[in-house]
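Asker: What follows is coords12.txt, compact mmCIF, C-alpha atoms.
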```txt
# COMPACT_ATOMS: atom_id res chain seq x y z
CA MET P 1 17.55 -68.23 34.53
CA PRO P 2 19.98 -69.70 31.98
CA ILE P 3 22.64 -67.10 31.33
CA LYS P 4 25.13 -67.41 28.51
CA ASN P 5 28.64 -67.12 29.96
CA ALA P 6 29.00 -63.39 30.68
CA ASN P 7 32.77 -63.61 30.18
CA GLN P 8 32.12 -64.34 26.51
CA ARG P 9 29.82 -61.36 25.95
CA ARG P 10 31.12 -58.17 24.37
CA PHE P 11 28.55 -55.35 24.30
CA LEU P 12 28.51 -52.29 22.08
CA PHE P 13 26.28 -49.47 23.34
CA LEU P 14 24.92 -46.89 20.91
CA GLN P 15 22.67 -43.97 21.94
CA GLY P 16 20.72 -44.28 25.17
CA PRO P 17 18.14 -42.32 27.15
CA HIS P 18 19.29 -38.95 28.47
CA GLY P 19 21.07 -39.30 31.77
CA PRO P 20 23.25 -41.87 33.56
CA PHE P 21 21.31 -45.09 32.84
CA PHE P 22 23.59 -46.47 30.13
CA VAL P 23 26.80 -45.89 32.06
CA ARG P 24 25.30 -47.54 35.17
CA LEU P 25 24.11 -50.47 33.06
CA ALA P 26 27.61 -50.84 31.59
CA GLU P 27 29.12 -50.89 35.08
CA MET P 28 26.82 -53.72 36.10
CA LEU P 29 27.54 -55.75 32.96
CA ARG P 30 31.27 -55.39 33.58
CA LYS P 31 30.79 -56.64 37.14
CA ALA P 32 29.06 -59.68 35.66
CA GLY P 33 32.18 -60.36 33.57
CA ALA P 34 31.21 -58.86 30.21
CA GLU P 35 33.15 -56.26 28.25
CA VAL P 36 31.42 -53.04 27.16
CA TRP P 37 32.20 -50.35 24.58
CA ARG P 38 30.22 -47.21 23.82
CA VAL P 39 29.96 -45.32 20.54
CA GLY P 40 29.22 -41.64 21.09
CA PHE P 41 27.84 -39.42 18.34
CA ASN P 42 27.96 -36.05 20.09
CA ALA P 43 29.17 -34.27 23.22
CA GLY P 44 25.99 -35.19 25.10
CA ASP P 45 26.66 -38.90 24.61
CA GLN P 46 30.25 -38.41 25.78
CA ALA P 47 29.30 -36.32 28.82
CA PHE P 48 26.91 -38.97 30.14
CA TRP P 49 29.51 -41.71 29.79
CA PHE P 50 31.22 -39.96 32.76
CA GLY P 51 34.74 -40.84 31.71
CA SER P 52 33.99 -44.55 31.69
CA LYS P 53 36.46 -46.63 29.69
CA ASN P 54 36.07 -47.95 26.13
CA TYR P 55 34.47 -44.84 24.66
CA ILE P 56 34.56 -44.63 20.84
CA PRO P 57 33.76 -41.18 19.38
CA TYR P 58 32.09 -41.32 15.98
CA GLN P 59 32.97 -38.12 14.13
CA GLY P 60 31.96 -39.13 10.61
CA ASN P 61 28.68 -38.57 8.81
CA ILE P 62 25.67 -40.83 8.39
CA ASP P 63 26.87 -42.08 4.97
CA ASP P 64 29.99 -43.63 6.52
CA TRP P 65 28.32 -45.05 9.61
CA ALA P 66 27.45 -48.53 8.29
CA ASP P 67 31.05 -49.32 7.31
CA THR P 68 32.36 -47.91 10.58
CA PHE P 69 29.86 -49.97 12.57
CA ARG P 70 30.94 -53.17 10.80
CA ALA P 71 34.60 -52.33 11.50
CA ILE P 72 33.96 -51.71 15.21
CA VAL P 73 32.04 -54.97 15.52
CA ALA P 74 34.86 -56.90 13.84
CA GLU P 75 37.70 -55.20 15.75
CA HIS P 76 36.18 -55.74 19.17
CA ARG P 77 34.48 -59.07 18.37
CA ILE P 78 31.13 -57.65 19.47
CA THR P 79 28.42 -60.18 20.41
CA ASP P 80 25.68 -57.76 21.53
CA ILE P 81 24.49 -54.27 20.65
CA THR P 82 22.44 -52.15 23.05
CA LEU P 83 20.39 -49.09 22.09
CA TYR P 84 17.46 -46.90 23.04
CA GLY P 85 14.83 -46.92 20.31
CA ASP P 86 15.39 -48.70 17.00
CA THR P 87 14.13 -46.24 14.37
CA ARG P 88 16.60 -43.32 14.35
CA PRO P 89 18.83 -43.73 11.26
CA ILE P 90 22.03 -44.73 13.04
CA HIS P 91 20.17 -47.37 15.05
CA ALA P 92 18.13 -48.70 12.15
CA GLN P 93 21.32 -49.28 10.13
CA ALA P 94 23.07 -50.93 13.07
CA VAL P 95 20.12 -53.23 13.79
CA ALA P 96 19.92 -54.37 10.16
CA ILE P 97 23.64 -55.18 10.09
CA ALA P 98 23.62 -56.80 13.53
CA ARG P 99 20.72 -59.02 12.52
CA LYS P 100 22.67 -60.31 9.50
CA LEU P 101 25.71 -60.94 11.70
CA GLY P 102 23.67 -62.89 14.25
CA LEU P 103 24.33 -60.50 17.15
CA TYR P 104 22.07 -60.11 20.16
CA ILE P 105 20.10 -56.87 19.73
CA HIS P 106 18.98 -55.30 23.03
CA VAL P 107 16.39 -52.55 22.59
CA PHE P 108 15.27 -50.28 25.42
CA GLU P 109 12.25 -48.01 25.16
CA GLU P 110 9.90 -46.11 27.40
CA GLY P 111 7.55 -48.59 29.03
CA TYR P 112 4.50 -49.82 27.18
CA MET P 113 2.84 -49.27 30.55
CA ARG P 114 4.84 -46.23 31.58
CA PRO P 115 5.65 -44.54 33.90
CA PHE P 116 5.96 -47.53 36.24
CA TRP P 117 7.81 -49.91 33.89
CA VAL P 118 10.31 -49.62 31.05
CA THR P 119 10.44 -51.80 27.95
CA TYR P 120 13.23 -54.25 27.21
CA GLU P 121 13.01 -56.32 24.03
CA ARG P 122 15.24 -58.08 21.54
CA GLY P 123 15.38 -57.12 17.88
CA GLY P 124 12.93 -54.22 17.88
CA SER P 125 10.28 -52.29 19.78
CA ASN P 126 6.91 -50.63 19.15
CA GLY P 127 5.90 -51.36 15.56
CA ASN P 128 8.97 -53.61 15.16
CA SER P 129 8.25 -55.63 18.31
CA LYS P 130 7.53 -59.36 18.35
CA LEU P 131 4.27 -58.41 20.04
CA MET P 132 2.91 -57.20 16.71
CA ASP P 133 2.71 -60.80 15.45
CA LEU P 134 1.50 -62.46 18.67
CA SER P 135 -2.22 -63.06 19.09
CA ILE P 136 -4.03 -62.95 22.42
CA ALA P 137 -4.67 -66.69 22.09
CA GLU P 138 -0.92 -67.36 21.77
CA MET P 139 -0.19 -65.15 24.78
CA SER P 140 -2.81 -66.96 26.85
CA ARG P 141 -1.29 -70.33 26.02
CA MET P 142 2.16 -69.10 27.04
CA LEU P 143 0.71 -67.93 30.37
CA GLU P 144 -0.75 -71.31 31.30
CA THR P 145 2.11 -72.12 33.67
CA SER P 146 2.21 -68.62 35.16
CA GLU P 147 0.70 -67.83 38.54
CA LEU P 148 1.42 -64.10 38.51
CA ASP P 149 -1.53 -62.00 39.61
CA VAL P 150 -2.24 -58.85 37.63
CA PRO P 151 -0.38 -56.32 39.81
CA GLU P 152 -1.26 -52.80 40.71
CA PRO P 153 1.31 -50.22 39.57
CA PRO P 154 4.34 -49.98 41.87
CA ALA P 155 5.58 -46.79 43.47
CA HIS P 156 6.18 -43.85 41.12
CA TRP P 157 9.85 -43.35 40.35
CA GLY P 158 9.67 -39.56 40.10
CA ASP P 159 11.20 -39.55 36.63
CA MET P 160 9.53 -36.58 34.93
CA ARG P 161 11.57 -33.77 36.53
CA HIS P 162 14.75 -35.76 35.98
CA HIS P 163 13.77 -36.47 32.38
CA VAL P 164 13.31 -32.78 31.59
CA PHE P 165 16.53 -31.83 33.42
CA TYR P 166 18.69 -34.43 31.68
CA GLY P 167 17.14 -33.53 28.32
CA ALA P 168 18.05 -29.87 28.79
CA LEU P 169 21.58 -30.74 29.98
CA TYR P 170 22.17 -33.16 27.11
CA HIS P 171 21.21 -30.57 24.50
CA TRP P 172 23.32 -27.94 26.25
CA PHE P 173 26.41 -30.13 25.73
CA VAL P 174 25.49 -30.73 22.09
CA MET P 175 24.94 -27.02 21.52
CA PHE P 176 28.04 -25.63 23.28
CA ARG P 177 30.59 -28.48 23.48
CA ASN P 178 30.14 -30.29 20.18
CA GLY P 179 33.26 -29.07 18.39
CA ALA P 180 34.70 -32.58 18.01
CA TYR P 181 31.48 -33.85 16.40
CA ARG P 182 30.94 -31.35 13.59
CA ASN P 183 29.29 -33.95 11.34
CA PHE P 184 26.64 -34.84 13.90
CA ARG P 185 23.07 -34.41 12.71
CA PRO P 186 20.19 -35.02 15.16
CA HIS P 187 17.61 -37.64 14.24
CA ARG P 188 14.88 -35.00 14.65
CA ASP P 189 14.17 -32.15 12.27
CA LEU P 190 14.67 -29.28 14.71
CA PRO P 191 18.12 -27.69 15.11
CA VAL P 192 19.90 -28.61 18.35
CA ARG P 193 19.78 -24.98 19.52
CA THR P 194 15.99 -24.94 19.17
CA GLU P 195 15.70 -28.33 20.87
CA ALA P 196 17.78 -27.13 23.82
CA ALA P 197 15.80 -23.90 24.09
CA LEU P 198 12.51 -25.82 24.16
CA TYR P 199 13.73 -28.17 26.91
CA THR P 200 14.99 -25.21 28.95
CA LYS P 201 11.74 -23.29 28.46
CA ARG P 202 9.76 -26.33 29.57
CA LEU P 203 11.91 -26.69 32.69
CA LEU P 204 11.51 -23.02 33.66
CA LEU P 205 7.77 -22.87 32.97
CA MET P 206 6.80 -26.05 34.83
CA PRO P 207 5.11 -24.16 37.74
CA LEU P 208 3.07 -21.96 35.35
CA ILE P 209 2.10 -24.94 33.21
CA ALA P 210 0.97 -26.82 36.32
CA LEU P 211 -1.32 -23.92 37.30
CA GLU P 212 -2.79 -23.71 33.79
CA ARG P 213 -3.36 -27.47 33.82
CA ARG P 214 -5.21 -27.40 37.14
CA ILE P 215 -7.55 -24.70 35.84
CA ALA P 216 -8.29 -26.69 32.66
CA GLN P 217 -8.88 -29.88 34.62
CA ALA P 218 -11.23 -28.10 37.02
CA ARG P 219 -13.34 -26.84 34.12
CA ILE P 220 -13.69 -30.40 32.86
CA LYS P 221 -14.24 -31.96 36.27
CA TYR P 222 -16.98 -29.54 37.29
CA GLY P 223 -18.46 -29.03 33.83
CA GLY P 224 -20.90 -31.89 34.22
CA PHE P 225 -20.69 -32.93 30.56
CA PRO P 226 -19.82 -36.32 28.99
CA TYR P 227 -16.49 -36.18 27.18
CA HIS P 228 -14.20 -38.16 24.92
CA LEU P 229 -10.45 -38.09 25.58
CA VAL P 230 -7.74 -37.76 22.93
CA LEU P 231 -4.24 -38.86 23.99
CA LEU P 232 -1.66 -36.77 22.16
CA GLN P 233 1.95 -37.68 21.47
CA LEU P 234 5.00 -35.66 20.56
CA GLU P 235 4.99 -34.90 16.85
CA HIS P 236 8.64 -35.92 16.55
CA ASP P 237 8.16 -39.16 18.51
CA SER P 238 9.38 -42.20 16.58
CA SER P 239 6.10 -44.07 17.09
CA PHE P 240 4.18 -41.15 15.58
CA GLN P 241 6.58 -40.67 12.67
CA MET P 242 7.52 -44.26 11.85
CA HIS P 243 4.48 -46.29 12.87
CA SER P 244 1.51 -44.16 11.88
CA PRO P 245 -0.09 -42.72 8.71
CA PHE P 246 0.63 -39.15 9.87
CA THR P 247 3.67 -36.92 9.50
CA ARG P 248 2.25 -33.83 11.23
CA MET P 249 0.12 -33.56 14.33
CA GLU P 250 -2.31 -31.29 12.52
CA GLU P 251 -3.38 -34.19 10.27
CA PHE P 252 -4.43 -36.26 13.27
CA LEU P 253 -6.13 -33.35 15.04
CA THR P 254 -8.15 -32.55 11.92
CA LEU P 255 -9.27 -36.16 11.52
CA VAL P 256 -10.42 -36.44 15.14
CA VAL P 257 -12.27 -33.11 15.31
CA GLU P 258 -14.07 -33.80 12.03
CA GLY P 259 -15.09 -37.28 13.20
CA PHE P 260 -16.31 -35.90 16.51
CA ALA P 261 -18.31 -33.14 14.83
CA LYS P 262 -20.06 -35.66 12.58
CA GLY P 263 -20.65 -38.51 15.01
CA ALA P 264 -20.73 -37.42 18.66
CA PRO P 265 -23.96 -36.39 20.44
CA GLN P 266 -24.27 -32.61 20.57
CA HIS P 267 -23.97 -32.40 24.35
CA HIS P 268 -20.65 -34.32 24.41
CA HIS P 269 -17.26 -32.61 24.64
CA LEU P 270 -13.81 -33.47 23.29
CA VAL P 271 -10.73 -33.24 25.54
CA PHE P 272 -7.19 -33.28 24.12
CA LYS P 273 -4.49 -34.18 26.63
CA ALA P 274 -0.96 -33.14 25.66
CA HIS P 275 2.05 -35.37 26.18
CA PRO P 276 3.80 -34.54 29.49
CA LEU P 277 6.91 -33.39 27.57
CA GLU P 278 5.04 -31.32 24.97
CA ASN P 279 7.02 -28.11 24.42
CA ASP P 280 4.82 -26.34 21.86
CA ARG P 281 6.95 -27.12 18.82
CA SER P 282 3.61 -27.95 17.18
CA PRO P 283 0.97 -25.21 17.77
CA VAL P 284 -1.65 -27.67 19.01
CA ARG P 285 -3.68 -25.11 20.95
CA ARG P 286 -4.05 -22.78 17.96
CA ILE P 287 -4.89 -25.64 15.60
CA LEU P 288 -7.62 -26.90 17.94
CA ARG P 289 -9.07 -23.43 18.34
CA ASP P 290 -9.29 -23.03 14.56
CA LEU P 291 -10.78 -26.50 14.06
CA ALA P 292 -13.41 -25.95 16.77
CA ALA P 293 -14.48 -22.69 15.11
CA LYS P 294 -14.57 -24.29 11.67
CA HIS P 295 -16.88 -27.11 12.81
CA GLY P 296 -19.07 -25.00 15.07
CA LEU P 297 -17.99 -26.77 18.25
CA GLY P 298 -17.59 -23.60 20.32
CA ASP P 299 -16.46 -24.40 23.85
CA ARG P 300 -16.87 -28.17 23.42
CA VAL P 301 -13.17 -28.68 22.62
CA HIS P 302 -10.68 -28.57 25.53
CA TYR P 303 -6.88 -28.73 25.74
CA VAL P 304 -4.99 -29.94 28.84
CA ARG P 305 -1.21 -29.53 29.02
CA GLY P 306 0.22 -32.76 30.41
CA GLY P 307 -0.36 -33.86 33.96
CA LYS P 308 -1.59 -37.19 35.29
CA LEU P 309 -3.89 -39.11 33.03
CA ALA P 310 -5.90 -40.87 35.74
CA THR P 311 -7.99 -37.83 36.72
CA LEU P 312 -9.17 -37.38 33.13
CA LEU P 313 -9.78 -41.09 32.55
CA ASP P 314 -12.04 -41.38 35.59
CA HIS P 315 -14.99 -39.89 33.67
CA ALA P 316 -14.03 -40.36 29.99
CA ARG P 317 -16.55 -42.08 27.72
CA THR P 318 -13.98 -43.13 25.11
CA ALA P 319 -10.36 -42.50 24.18
CA VAL P 320 -8.64 -41.92 20.85
CA THR P 321 -4.93 -41.93 20.03
CA VAL P 322 -2.44 -42.56 17.26
CA ASN P 323 -0.45 -45.20 19.16
CA SER P 324 0.38 -43.69 22.56
CA THR P 325 1.45 -46.08 25.28
CA ALA P 326 -0.92 -44.19 27.58
CA ALA P 327 -3.68 -46.21 25.91
CA GLN P 328 -2.71 -49.05 28.24
CA GLN P 329 -4.30 -47.08 31.09
CA VAL P 330 -7.43 -46.66 28.97
CA LEU P 331 -7.74 -50.40 28.43
CA TRP P 332 -7.00 -51.14 32.08
CA ARG P 333 -10.15 -49.18 32.89
CA SER P 334 -12.21 -50.95 30.17
CA ILE P 335 -12.79 -47.67 28.29
CA PRO P 336 -13.51 -48.01 24.54
CA LEU P 337 -10.38 -47.20 22.54
CA LYS P 338 -9.71 -46.20 18.92
CA VAL P 339 -6.17 -46.12 17.47
CA PHE P 340 -4.76 -45.02 14.10
CA GLY P 341 -1.16 -46.23 14.12
CA ARG P 342 0.70 -49.48 14.61
CA ALA P 343 0.71 -50.30 18.32
CA VAL P 344 1.68 -53.38 20.32
CA TYR P 345 -1.73 -53.31 22.05
CA ASP P 346 -3.77 -53.01 18.85
CA LYS P 347 -5.60 -56.32 19.21
CA PRO P 348 -9.17 -56.78 17.89
CA GLU P 349 -10.33 -58.17 21.22
CA PHE P 350 -10.05 -54.79 22.95
CA VAL P 351 -9.35 -52.04 20.38
CA SER P 352 -12.29 -50.77 18.34
CA THR P 353 -12.46 -51.39 14.59
CA LEU P 354 -15.44 -49.04 14.09
CA PRO P 355 -15.16 -45.98 11.81
CA LEU P 356 -14.43 -42.87 13.89
CA GLU P 357 -17.85 -41.26 13.48
CA GLN P 358 -19.59 -44.44 14.60
CA PHE P 359 -17.10 -44.89 17.42
CA PHE P 360 -17.98 -41.48 18.87
CA ALA P 361 -21.71 -42.16 18.40
CA GLN P 362 -21.93 -45.65 19.89
CA PRO P 363 -18.65 -47.33 20.89
CA GLY P 364 -18.46 -50.97 21.92
CA ARG P 365 -16.83 -52.07 25.15
CA PRO P 366 -13.42 -53.80 25.04
CA ASP P 367 -12.95 -57.40 26.15
CA ASN P 368 -11.49 -56.82 29.61
CA ARG P 369 -10.56 -60.46 30.17
CA ALA P 370 -8.53 -60.50 26.97
CA TYR P 371 -6.76 -57.30 27.99
CA ARG P 372 -5.92 -58.71 31.42
CA ASP P 373 -4.24 -61.68 29.74
CA TYR P 374 -2.34 -59.30 27.48
CA ARG P 375 -1.25 -57.17 30.43
CA ARG P 376 -0.11 -60.20 32.41
CA PHE P 377 1.88 -61.35 29.40
CA LEU P 378 3.73 -58.04 29.15
CA LEU P 379 4.47 -57.96 32.88
CA GLU P 380 5.91 -61.47 32.66
CA THR P 381 8.13 -60.57 29.73
CA SER P 382 9.22 -57.19 28.37
CA GLN P 383 7.98 -54.76 31.06
CA VAL P 384 10.56 -54.25 33.77
CA PRO P 385 9.78 -52.22 36.91
CA GLY P 386 11.88 -49.09 37.25
CA GLY P 387 12.81 -46.01 35.26
CA PHE P 388 15.68 -44.50 33.27
CA TYR P 389 15.91 -41.05 34.79
CA SER P 390 15.70 -41.03 38.60
CA ALA P 391 18.25 -42.81 40.81
CA ARG P 392 15.49 -44.81 42.48
CA GLY P 393 14.07 -45.95 39.14
CA ARG P 394 17.51 -46.95 37.84
CA ARG P 395 18.27 -48.99 40.94
CA GLN P 396 15.03 -50.92 40.56
CA LEU P 397 15.57 -51.47 36.84
CA LEU P 398 19.14 -52.73 37.19
CA ARG P 399 18.04 -55.35 39.72
CA GLN P 400 16.50 -57.36 36.93
CA VAL P 401 17.40 -56.17 33.46
CA VAL P 402 21.09 -57.17 33.50
CA ASP P 403 20.19 -60.84 33.99
CA MET P 404 17.58 -60.52 31.22
CA MET P 405 20.25 -59.20 28.85
CA LEU P 406 22.63 -62.04 29.69
CA ASP P 407 19.94 -64.67 29.17
CA SER P 408 20.29 -66.58 25.92
CA ASP P 409 16.53 -66.23 25.32
CA ASP P 410 14.58 -63.03 24.81
CA PRO P 411 11.81 -62.30 27.36
CA TYR P 412 9.06 -63.81 25.19
CA ASP P 413 10.92 -67.02 24.40
CA ALA P 414 11.91 -67.37 28.06
CA LEU P 415 8.25 -67.37 29.09
CA LYS P 416 7.32 -69.80 26.32
CA ALA P 417 10.05 -72.16 27.50
CA GLY P 418 8.82 -71.89 31.11
CA LYS P 419 11.99 -70.26 32.42
CA ALA P 420 11.01 -66.61 32.84
CA PRO P 421 12.40 -65.10 36.05
CA PRO P 422 10.08 -64.41 38.99
CA ARG P 423 8.74 -60.86 39.10
CA GLN P 424 6.60 -60.47 42.23
CA ALA P 425 9.45 -60.27 44.73
CA LEU P 426 11.32 -57.77 42.61
CA ARG P 427 8.41 -55.38 42.57
CA LEU P 428 8.33 -55.28 46.35
CA ILE P 429 11.92 -54.13 46.79
CA PRO P 430 11.94 -50.43 47.85
```
Let me see the file written as structure tokens.
Answerer:
Amino acid sequence: MPIKNANQRRFLFLQGPHGPFFVRLAEMLRKAGAEVWRVGFNAGDQAFWFGSKNYIPYQGNIDDWADTFRAIVAEHRITDITLYGDTRPIHAQAVAIARKLGLYIHVFEEGYMRPFWVTYERGGSNGNSKLMDLSIAEMSRMLETSELDVPEPPAHWGDMRHHVFYGALYHWFVMFRNGAYRNFRPHRDLPVRTEAALYTKRLLLMPLIALERRIAQARIKYGGFPYHLVLLQLEHDSSFQMHSPFTRMEEFLTLVVEGFAKGAPQHHHLVFKAHPLENDRSPVRRILRDLAAKHGLGDRVHYVRGGKLATLLDHARTAVTVNSTAAQQVLWRSIPLKVFGRAVYDKPEFVSTLPLEQFFAQPGRPDNRAYRDYRRFLLETSQVPGGFYSARGRRQLLRQVVDMMLDSDDPYDALKAGKAPPRQALRLIP
């Protein structure tokens, strides 16, 4: 893999995923010869830098951030910026400026085929990804020299418990240790105290939620009825807010229930699966109960709180979502899929273009061969095995992603040029 001289690279990290991933990534880049700085916007950012050197606290407000960012880039002769998600205001401003300055822009996100991979791209992710403008035909041509078989998912990294724990800890620091960052404003609408309380509640109630989920799944499994599955996202998720026509979850729920009531056969049921990190900030259960009563659906509408998707997909007739990455599992099983937001997998070959009522009544099957090419393309490029939150997942991720960041080409251009790194051996490392 051609790597631009690491000794000439000077990275500036902005906000990352909760937990130690960014500080471990910085350590590895320094070992490669690069220099790394980190801008922290609150006490949570600072706490997870673990005393590592080159920490820059930003204590101003959002209006002053663009000028400060330019000054930091100039002072430290920054060549690369690294961030988690590209739509929160501080990141969106930084990306726009970095693009004009010709910097490398490294964007991490949850995996498009999570939970077994994470996403690493240049310039933007989700609705801002290069994938949005690539056709299946172009991907297939770029794969002509590839011999990678479509792999089964690797071992699970055990990230969910760690994700919830680090989320609660991060917000605890912001809530109780944020005196030096009085101008900090979260990129989400909820106050930090409420955010922390929701994470803590979720952590404490995990056993009770698991019991409730098993009961709901048993009712569906042994109900003997055909059902359609709706994949829910977090209302505050950037993909939902920035890359969809909705601003509130209730708008999407209303659209789906109305379409189901008008188009689905009367013996079919509708199952809503909550995001694994759903913490009831949006009263989804109450909204669904009211919508079911309004449309005379009675007990045909079900709500499942998180859990593994596979057990529900095994018998689903169709799936509907805004733009959840969980839709990748739907397509992998050749289940008809309908989406409403901008999504990297929204390709006409395997995502339905039918109106919702007609989709529920008589959906068409996706082109499985086209999806397999698409999946292979992602696994050869932007999907990296590992995880952000557990130690095992981080170890696996760091084995490959540092070299990808130091490469002069982004993952898609590297494949097009025939110099993408091998992946099969890396997936087999325990």
Asker: Using all atoms listed in the file, which protein or nucleic acid residues come within 8 Å of stretch 278-293 of chain P? Drop anything in the same chain fewer than 3 positions from it, and give the result as an MDAnalysis selection string.
Answerer: chainID P and resid 198:199 201:202 233:235 249:250 253:254 257 274:275 296:301 303 305:306
Asker: Using all atoms listed in the file and a cutoff of 6 Å, can you tell me which residues are near (-3.6, -37.7, 25.2) in the file's coordinates, and write them out as a list in words?
Answerer: Val230, Leu231, Leu232, Phe272, Lys273 and Ala274 of chain P
Asker: Considering all atoms listed in the file, can you say which of P:His162, P:Arg24, P:His76, P:Lys53 comes closest to P:Arg9?
Answerer: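 So, comparing all the options, the nearest one is P:His76.
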Asker: Compile the contact shell of stretch 34-37 of chain P as a list in words: residues with an atom at most 6 Å away, counting all atoms listed in the file, same-chain residues fewer than 5 positions apart removed.
Answerer: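 What passes the distance filter is Ala6, Asn7, Arg9, Arg10, Phe11, Leu12, Leu29, Asn54 and Tyr55 of chain P.
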Asker: Within 12 Å of P:Ala218, counting all atoms listed in the file, which residues qualify if same-chain residues fewer than 4 places away don't, as a PyMOL selection string?
Answerer: chain P and resi 211-214+222-224+302+304+311-312
Asker: With C-alpha atoms retained, write the just-selected residues as a short mmCIF file (atom, residue, chain, number, x, y, z; two decimals), in the frame of the given file.
Answerer:
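The result, written out as again.cif:
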```
data_model
loop_
_atom_site.label_atom_id
_atom_site.label_comp_id
_atom_site.auth_asym_id
_atom_site.auth_seq_id
_atom_site.Cartn_x
_atom_site.Cartn_y
_atom_site.Cartn_z
CA LEU P 211 -1.32 -23.92 37.30
CA GLU P 212 -2.79 -23.71 33.79
CA ARG P 213 -3.36 -27.47 33.82
CA ARG P 214 -5.21 -27.40 37.14
CA TYR P 222 -16.98 -29.54 37.29
CA GLY P 223 -18.46 -29.03 33.83
CA GLY P 224 -20.90 -31.89 34.22
CA HIS P 302 -10.68 -28.57 25.53
CA VAL P 304 -4.99 -29.94 28.84
CA THR P 311 -7.99 -37.83 36.72
CA LEU P 312 -9.17 -37.38 33.13
#
```
Asker: Determine, for each residue of stretch 32-97 of chain P having at least one atom at most 8 Å from an atom of stretch 176-185 of chain P, the closest pair of atoms and their separation in Å to one decimal, counting all atoms listed in the file; order by chain and ascending number, as a Markdown table.
Answerer:
```
| residue | atom | partner | partner_atom | distance |
| --- | --- | --- | --- | --- |
| P:Phe41 | CA | P:Phe184 | CA | 6.5 |
| P:Asn42 | CA | P:Tyr181 | CA | 5.6 |
| P:Ala43 | CA | P:Asn178 | CA | 5.1 |
| P:Tyr58 | CA | P:Tyr181 | CA | 7.5 |
| P:Gln59 | CA | P:Tyr181 | CA | 5.1 |
| P:Gly60 | CA | P:Asn183 | CA | 5.9 |
| P:Asn61 | CA | P:Asn183 | CA | 5.3 |
```
Asker: In Å, how far is it from atom CA of P:Pro17 to atom CA of P:Trp332?
Answerer: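 Distance between the two atoms: 27.1 Å.
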Asker: Using only C-alpha atoms for the distances, tell me which of P:Ala261, P:Leu331, P:Ala343, P:Val164 is nearest to P:Leu277.
Answerer: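 The closest residue to P:Leu277 is P:Val164.
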Asker: For a test of reading the model, state the distance in Å between atom CA of P:Val351 and atom CA of P:Pro336, rounded to one decimal.
Answerer: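 Between atom CA of P:Val351 and atom CA of P:Pro336 the gap is 7.1 Å.
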Asker: Could you jot down the atom CA of P:Leu103 to atom CA of P:Ser129 separation for me, Å, one decimal place?
Answerer: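 Between these atoms lies a distance of 16.8 Å.
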Asker: Of the candidates P:Ser239, P:Asn368, P:Gln400, P:Thr82, which one gets nearest to P:Gln328 if we count only C-alpha atoms?
Answerer: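 Answer, going by the shortest atom-to-atom distance: P:Asn368.
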